[in-house]
$ cat data39.tsv   # TSV, C-alpha atoms
chain	number	residue	atom	x	y	z
A	1	LYS	CA	0.00	0.00	0.00
A	2	ASN	CA	1.22	3.45	-0.86
A	3	GLU	CA	2.40	5.67	1.96
A	4	VAL	CA	2.14	9.42	1.38
A	5	GLU	CA	4.09	11.92	3.44
A	6	GLN	CA	3.63	15.67	3.32
A	7	SER	CA	5.63	18.52	4.75
A	8	PRO	CA	5.33	20.88	6.42
A	9	GLN	CA	2.20	20.09	8.45
A	10	ASN	CA	1.64	23.75	9.23
A	11	LEU	CA	2.90	26.84	7.43
A	12	THR	CA	2.31	30.50	8.19
A	13	ALA	CA	3.64	33.08	5.75
A	14	GLN	CA	3.22	36.72	4.83
A	15	GLU	CA	1.25	37.85	1.83
A	16	GLY	CA	3.40	37.82	-1.30
A	17	GLU	CA	5.75	35.06	-0.20
A	18	PHE	CA	6.61	32.07	-2.37
A	19	ILE	CA	5.18	28.90	-0.84
A	20	THR	CA	6.39	25.32	-1.29
A	21	ILE	CA	4.67	22.19	-0.01
A	22	ASN	CA	6.35	18.82	-0.47
A	23	CYS	CA	4.95	15.33	-0.95
A	24	SER	CA	6.65	11.97	-1.18
A	25	TYR	CA	5.14	8.55	-1.80
A	26	SER	CA	6.41	5.00	-1.55
A	27	VAL	CA	4.92	3.07	-4.48
A	28	GLY	CA	5.25	3.84	-8.17
A	29	ILE	CA	2.12	5.45	-9.56
A	30	SER	CA	0.68	6.75	-12.80
A	31	ALA	CA	-0.59	10.07	-11.43
A	32	LEU	CA	-0.53	12.15	-8.27
A	33	HIS	CA	-3.23	14.51	-7.05
A	34	TRP	CA	-3.14	17.83	-5.23
A	35	LEU	CA	-6.33	18.88	-3.46
A	36	GLN	CA	-7.41	22.02	-1.63
A	37	GLN	CA	-9.76	22.18	1.33
A	38	HIS	CA	-10.98	25.53	2.61
A	39	PRO	CA	-12.39	26.10	6.10
A	40	GLY	CA	-15.95	24.85	5.91
A	41	GLY	CA	-14.83	21.60	4.38
A	42	GLY	CA	-15.26	21.41	0.60
A	43	ILE	CA	-12.50	19.50	-1.22
A	44	VAL	CA	-11.46	20.63	-4.68
A	45	SER	CA	-9.02	18.94	-7.02
A	46	LEU	CA	-6.23	21.32	-8.05
A	47	PHE	CA	-3.98	19.12	-10.14
A	48	MET	CA	-3.56	15.60	-11.37
A	49	LEU	CA	-0.12	15.06	-12.84
A	50	SER	CA	1.95	12.16	-14.03
A	51	SER	CA	5.12	13.92	-15.18
A	52	GLY	CA	6.85	17.26	-15.32
A	53	LYS	CA	4.98	20.37	-14.32
A	54	LYS	CA	1.49	21.86	-14.44
A	55	LYS	CA	0.51	25.48	-13.85
A	56	HIS	CA	-2.83	27.04	-13.03
A	57	GLY	CA	-2.75	30.73	-12.25
A	58	ARG	CA	-0.37	31.22	-9.32
A	59	LEU	CA	-0.25	27.51	-8.52
A	60	ILE	CA	2.44	25.24	-9.91
A	61	ALA	CA	2.76	21.50	-9.33
A	62	THR	CA	5.81	19.45	-10.20
A	63	ILE	CA	6.51	15.75	-9.99
A	64	ASN	CA	9.62	13.59	-10.21
A	65	ILE	CA	8.46	10.04	-10.85
A	66	GLN	CA	11.91	8.52	-10.32
A	67	GLU	CA	12.33	10.25	-6.96
A	68	LYS	CA	8.67	9.60	-5.99
A	69	HIS	CA	8.36	13.24	-5.02
A	70	SER	CA	6.04	16.13	-5.86
A	71	SER	CA	5.90	19.78	-4.89
A	72	LEU	CA	3.13	22.36	-4.90
A	73	HIS	CA	4.22	25.97	-5.23
A	74	ILE	CA	2.20	29.14	-4.76
A	75	THR	CA	3.63	32.33	-6.17
A	76	ALA	CA	2.70	35.79	-4.81
A	77	SER	CA	0.66	34.20	-2.03
A	78	HIS	CA	-2.56	35.87	-0.91
A	79	PRO	CA	-4.73	35.47	2.21
A	80	ARG	CA	-7.36	33.73	0.08
A	81	ASP	CA	-4.82	30.92	-0.49
A	82	SER	CA	-5.21	30.02	3.19
A	83	ALA	CA	-6.46	26.45	3.19
A	84	VAL	CA	-5.39	22.86	3.77
A	85	TYR	CA	-3.49	21.40	0.82
A	86	ILE	CA	-3.58	17.64	0.47
A	87	CYS	CA	-1.42	15.35	-1.63
A	88	ALA	CA	-2.93	12.02	-2.74
A	89	ALA	CA	-1.69	9.01	-4.67
A	90	PRO	CA	-3.27	5.76	-5.82
A	91	ALA	CA	-3.55	3.41	-2.85
A	92	TYR	CA	-1.68	0.73	-4.77
A	93	SER	CA	0.59	0.84	-7.79
A	94	GLY	CA	-1.05	1.90	-11.00
A	95	GLY	CA	-3.89	4.27	-11.71
A	96	GLY	CA	-5.88	4.23	-8.52
A	97	ALA	CA	-8.94	2.24	-9.49
A	98	ASP	CA	-9.16	1.15	-5.86
A	99	GLY	CA	-9.05	4.66	-4.45
A	100	LEU	CA	-6.51	7.14	-3.18
A	101	THR	CA	-4.32	7.34	-0.13
A	102	PHE	CA	-3.74	10.79	1.27
A	103	GLY	CA	-1.11	12.79	3.04
A	104	LYS	CA	-2.23	14.35	6.31
A	105	GLY	CA	-2.36	17.77	4.70
A	106	THR	CA	-0.54	21.07	5.04
A	107	HIS	CA	-2.43	23.79	6.88
A	108	LEU	CA	-1.41	27.05	5.18
A	109	ILE	CA	-2.15	30.48	6.60
A	110	ILE	CA	-1.24	33.59	4.63
A	111	GLN	CA	-1.24	36.70	6.74
A	112	PRO	CA	-1.95	40.12	5.19
B	113	ILE	CA	-28.44	18.73	-9.58
B	114	ALA	CA	-24.92	19.07	-10.87
B	115	GLY	CA	-21.95	17.15	-9.57
B	116	ILE	CA	-22.18	15.13	-6.37
B	117	THR	CA	-24.70	15.58	-3.60
B	118	GLN	CA	-24.61	14.05	-0.14
B	119	ALA	CA	-27.31	13.77	2.46
B	120	PRO	CA	-27.71	14.55	5.23
B	121	THR	CA	-25.38	17.52	5.69
B	122	SER	CA	-24.96	16.62	9.33
B	123	GLN	CA	-26.44	14.15	11.76
B	124	ILE	CA	-26.27	13.32	15.44
B	125	LEU	CA	-26.89	9.64	16.04
B	126	ALA	CA	-27.24	7.47	19.12
B	127	ALA	CA	-24.81	4.57	19.37
B	128	GLY	CA	-26.31	1.33	18.15
B	129	ARG	CA	-28.58	2.97	15.61
B	130	ARG	CA	-28.49	2.17	11.90
B	131	MET	CA	-27.69	5.02	9.52
B	132	THR	CA	-27.39	5.37	5.76
B	133	LEU	CA	-25.44	8.22	4.22
B	134	ARG	CA	-26.59	9.00	0.72
B	135	CYS	CA	-24.44	9.96	-2.26
B	136	THR	CA	-25.70	10.76	-5.74
B	137	GLN	CA	-23.82	11.96	-8.81
B	138	ASP	CA	-25.19	13.07	-12.16
B	139	MET	CA	-21.95	12.96	-14.14
B	140	ARG	CA	-22.33	9.30	-15.19
B	141	HIS	CA	-19.02	8.49	-13.55
B	142	ASN	CA	-18.24	4.80	-13.27
B	143	ALA	CA	-16.06	4.93	-10.16
B	144	MET	CA	-17.28	6.11	-6.75
B	145	TYR	CA	-15.62	6.24	-3.35
B	146	TRP	CA	-16.38	6.82	0.31
B	147	TYR	CA	-13.76	8.45	2.55
B	148	ARG	CA	-13.76	9.52	6.17
B	149	GLN	CA	-11.76	12.49	7.42
B	150	ASP	CA	-10.51	12.64	10.99
B	151	LEU	CA	-8.31	15.21	12.67
B	152	GLY	CA	-4.71	14.09	12.66
B	153	LEU	CA	-5.41	11.11	10.40
B	154	GLY	CA	-6.48	12.81	7.20
B	155	LEU	CA	-8.71	11.20	4.61
B	156	ARG	CA	-9.00	7.41	4.53
B	157	LEU	CA	-10.78	5.19	2.04
B	158	ILE	CA	-13.70	3.16	3.40
B	159	HIS	CA	-15.17	1.45	0.30
B	160	TYR	CA	-15.08	1.93	-3.44
B	161	SER	CA	-16.94	0.87	-6.56
B	162	ASN	CA	-15.42	0.81	-10.02
B	163	THR	CA	-18.73	0.26	-11.78
B	164	ALA	CA	-22.37	-0.42	-11.00
B	165	GLY	CA	-22.77	-3.85	-9.43
B	166	THR	CA	-19.25	-4.08	-7.99
B	167	THR	CA	-17.75	-2.86	-4.72
B	168	GLY	CA	-14.45	-3.20	-2.88
B	169	LYS	CA	-13.01	-2.63	0.57
B	170	GLY	CA	-10.68	0.21	1.33
B	171	GLU	CA	-8.37	0.92	4.24
B	172	VAL	CA	-11.03	1.17	6.99
B	173	PRO	CA	-14.11	-0.87	5.94
B	174	ASP	CA	-15.09	-2.41	9.28
B	175	GLY	CA	-18.54	-1.36	10.48
B	176	TYR	CA	-19.55	-0.02	7.06
B	177	SER	CA	-21.28	-1.50	4.04
B	178	VAL	CA	-22.03	-0.14	0.59
B	179	SER	CA	-24.09	-1.04	-2.44
B	180	ARG	CA	-24.02	0.11	-6.06
B	181	ALA	CA	-27.32	-0.78	-7.67
B	182	ASN	CA	-26.93	1.83	-10.41
B	183	THR	CA	-24.38	4.31	-11.75
B	184	ASP	CA	-25.66	7.36	-9.90
B	185	ASP	CA	-26.09	6.22	-6.29
B	186	PHE	CA	-23.56	4.89	-3.78
B	187	PRO	CA	-25.05	4.73	-0.25
B	188	LEU	CA	-22.91	4.03	2.81
B	189	THR	CA	-24.57	2.19	5.70
B	190	LEU	CA	-23.50	1.99	9.32
B	191	ALA	CA	-25.35	-1.06	10.61
B	192	SER	CA	-24.83	-0.28	14.30
B	193	ALA	CA	-23.09	3.04	14.85
B	194	VAL	CA	-20.30	3.42	17.41
B	195	PRO	CA	-18.69	6.62	18.74
B	196	SER	CA	-15.46	5.91	16.81
B	197	GLN	CA	-17.44	6.42	13.62
B	198	THR	CA	-17.84	10.09	14.48
B	199	SER	CA	-16.23	11.74	11.48
B	200	VAL	CA	-16.78	13.77	8.34
B	201	TYR	CA	-17.67	11.52	5.42
B	202	PHE	CA	-16.90	12.44	1.82
B	203	CYS	CA	-18.21	10.74	-1.26
B	204	ALA	CA	-16.21	11.11	-4.49
B	205	SER	CA	-16.45	9.98	-8.08
B	206	ARG	CA	-14.38	9.91	-11.23
B	207	PRO	CA	-15.05	8.99	-14.84
B	208	SER	CA	-13.41	5.57	-14.84
B	209	GLY	CA	-11.70	3.22	-12.47
B	210	GLY	CA	-8.31	4.23	-13.78
B	211	ALA	CA	-6.62	7.60	-13.90
B	212	GLY	CA	-8.77	10.69	-13.69
B	213	THR	CA	-9.63	13.63	-11.49
B	214	GLN	CA	-11.77	12.80	-8.47
B	215	TYR	CA	-14.74	15.01	-7.72
B	216	PHE	CA	-15.80	15.31	-4.09
B	217	GLY	CA	-19.20	15.82	-2.54
B	218	PRO	CA	-19.72	18.46	0.17
B	219	GLY	CA	-19.42	15.96	3.02
B	220	THR	CA	-21.61	14.69	5.85
B	221	ARG	CA	-20.65	15.48	9.43
B	222	LEU	CA	-21.71	12.56	11.62
B	223	THR	CA	-21.60	12.52	15.40
B	224	VAL	CA	-22.27	9.25	17.22
B	225	LEU	CA	-23.03	9.63	20.92

$ encode --input "data39.tsv" --output "structure tokens"
Amino acid sequence: KNEVEQSPQNLTAQEGEFITINCSYSVGISALHWLQQHPGGGIVSLFMLSSGKKKHGRLIATINIQEKHSSLHITASHPRDSAVYICAAPAYSGGGADGLTFGKGTHLIIQP
Amino acid sequence: IAGITQAPTSQILAAGRRMTLRCTQDMRHNAMYWYRQDLGLGLRLIHYSNTAGTTGKGEVPDGYSVSRANTDDFPLTLASAVPSQTSVYFCASRPSGGAGTQYFGPGTRLTVL
């Protein structure tokens, strides 16, 4: 079974700072997911990536399949980026037909 | 409706009672999942279904059962609730059992006393 580790668990930064959240996993996979959960609970998928880099607005996700490592970056951070960011990988090797296993999340607070 | 709906939004339940959490999606996704989210433990998979008529056990299936009679609905039943099942439950779906973005429902907050 895949084990997913995230760091840091908590991160407080000032508005405008560059943010990096790291994720590592133990079993080879076809794609890794980054999710966002705002206070109040809704979970939204930010990225699903299997190689290289993806960018959406100020969010950038990278993955190194050989190293079994992914990073989520936020450029020019803003208080509205405050949320829990969760990394997830297929529970077993392959595509994840049998569900995802999740990191414990990174609680990000951006102060004005 | 659009996307995934869950019902109820929240519930307080006496221990020993039976409870069914409902999940419905209108995206015709084949794969559906039930997760629970607990402080300090994160999200964990309870049960999954890759297509109507099939189900599988996840990481924490004990005390829970599911059925998948059709594509749209994936109810989760607690046959006899216990306080350790106090949690927030999320239903999710994705287009196929393989790779693909998962879409999450809004969650059900369940308290078992």

$ atom_distance --input "data39.tsv" --atom1 "atom CA of A:Ser77" --atom2 "atom CA of A:Ile109"
9.8 Å

$ residues_around --input "data39.tsv" --residues "A:Pro79" --least-positions-apart "4" --cutoff "10 Å" --atoms "all atoms listed in the file" --output "number ranges by chain"
A: 13-16, 83, 108-112

$ atom_distance --input "data39.tsv" --atom1 "atom CA of B:Gln214" --atom2 "atom CA of A:Ser45"
6.9 Å

$ residues_near_point --input "data39.tsv" --point "(-7.8, 28.0, 3.2)" --cutoff "6 Å" --atoms "all atoms listed in the file" --output "MDAnalysis selection string"
chainID A and resid 38:39 81:84

$ residues_around --input "data39.tsv" --residues "B:Gly175" --least-positions-apart "5" --cutoff "10 Å" --atoms "only C-alpha atoms" --output "list in words"
Ile158, Thr189, Leu190, Ala191, Ser192, Ala193, Val194 and Gln197 of chain B

$ closest_residue --input "data39.tsv" --among "B:Thr117, B:Thr166, B:Ser122, B:Thr198" --to "B:Gln149" --atoms "only C-alpha atoms"
B:Thr198

$ residues_around --input "data39.tsv" --residues "A:Glu67" --least-positions-apart "4" --cutoff "12 Å" --atoms "all atoms listed in the file" --output "list of chain:residue names"
A:Cys23, A:Ser24, A:Tyr25, A:Ser26, A:Val27, A:Gly28, A:Ile29, A:Ser51, A:Thr62, A:Ile63, A:Ser71

$ interface_residues --input "data39.tsv" --of "chain B" --to "chain A" --cutoff "8 Å" --atoms "all atoms listed in the file" --output "count of residues only"
25

$ atom_distance --input "data39.tsv" --atom1 "atom CA of B:Pro207" --atom2 "atom CA of B:Cys135"
15.7 Å

$ closest_residue --input "data39.tsv" --among "B:Met139, B:Ala119, B:Ala181, B:Cys203" --to "B:His159" --atoms "all atoms listed in the file"
B:Cys203

$ residues_around --input "data39.tsv" --residues "B:Ile124" --least-positions-apart "3" --cutoff "12 Å" --atoms "only C-alpha atoms" --output "list in words"
Pro120, Thr121, Ala127, Arg129, Arg130, Met131, Ala193, Val194, Pro195, Gln197, Thr198, Ser199, Val200, Thr220, Arg221, Leu222, Thr223, Val224 and Leu225 of chain B

$ residues_around --input "data39.tsv" --residues "A:Ser7" --least-positions-apart "3" --cutoff "8 Å" --atoms "all atoms listed in the file" --output "list in words"
Asn10, Ile21, Asn22, Cys23 and Thr106 of chain A

$ decode --input "data39.tsv" --residues "stretch 159-186 of chain B" --atoms "C-alpha atoms" --output "PDB file, in the first residue's frame"
ATOM      1  CA  HIS B 159     -15.170   1.449   0.303  1.00  0.00           C
ATOM      2  CA  TYR B 160     -15.075   1.933  -3.437  1.00  0.00           C
ATOM      3  CA  SER B 161     -16.940   0.870  -6.560  1.00  0.00           C
ATOM      4  CA  ASN B 162     -15.423   0.811 -10.024  1.00  0.00           C
ATOM      5  CA  THR B 163     -18.730   0.260 -11.785  1.00  0.00           C
ATOM      6  CA  ALA B 164     -22.369  -0.421 -11.001  1.00  0.00           C
ATOM      7  CA  GLY B 165     -22.771  -3.854  -9.429  1.00  0.00           C
ATOM      8  CA  THR B 166     -19.245  -4.079  -7.990  1.00  0.00           C
ATOM      9  CA  THR B 167     -17.746  -2.861  -4.721  1.00  0.00           C
ATOM     10  CA  GLY B 168     -14.446  -3.201  -2.885  1.00  0.00           C
ATOM     11  CA  LYS B 169     -13.014  -2.632   0.569  1.00  0.00           C
ATOM     12  CA  GLY B 170     -10.675   0.212   1.326  1.00  0.00           C
ATOM     13  CA  GLU B 171      -8.374   0.920   4.239  1.00  0.00           C
ATOM     14  CA  VAL B 172     -11.028   1.168   6.993  1.00  0.00           C
ATOM     15  CA  PRO B 173     -14.109  -0.872   5.939  1.00  0.00           C
ATOM     16  CA  ASP B 174     -15.090  -2.412   9.282  1.00  0.00           C
ATOM     17  CA  GLY B 175     -18.539  -1.358  10.476  1.00  0.00           C
ATOM     18  CA  TYR B 176     -19.550  -0.023   7.064  1.00  0.00           C
ATOM     19  CA  SER B 177     -21.284  -1.501   4.040  1.00  0.00           C
ATOM     20  CA  VAL B 178     -22.027  -0.137   0.587  1.00  0.00           C
ATOM     21  CA  SER B 179     -24.095  -1.044  -2.442  1.00  0.00           C
ATOM     22  CA  ARG B 180     -24.018   0.106  -6.060  1.00  0.00           C
ATOM     23  CA  ALA B 181     -27.319  -0.780  -7.672  1.00  0.00           C
ATOM     24  CA  ASN B 182     -26.930   1.831 -10.412  1.00  0.00           C
ATOM     25  CA  THR B 183     -24.375   4.306 -11.753  1.00  0.00           C
ATOM     26  CA  ASP B 184     -25.658   7.364  -9.903  1.00  0.00           C
ATOM     27  CA  ASP B 185     -26.085   6.222  -6.292  1.00  0.00           C
ATOM     28  CA  PHE B 186     -23.563   4.886  -3.776  1.00  0.00           C
TER      29      PHE B 186
END
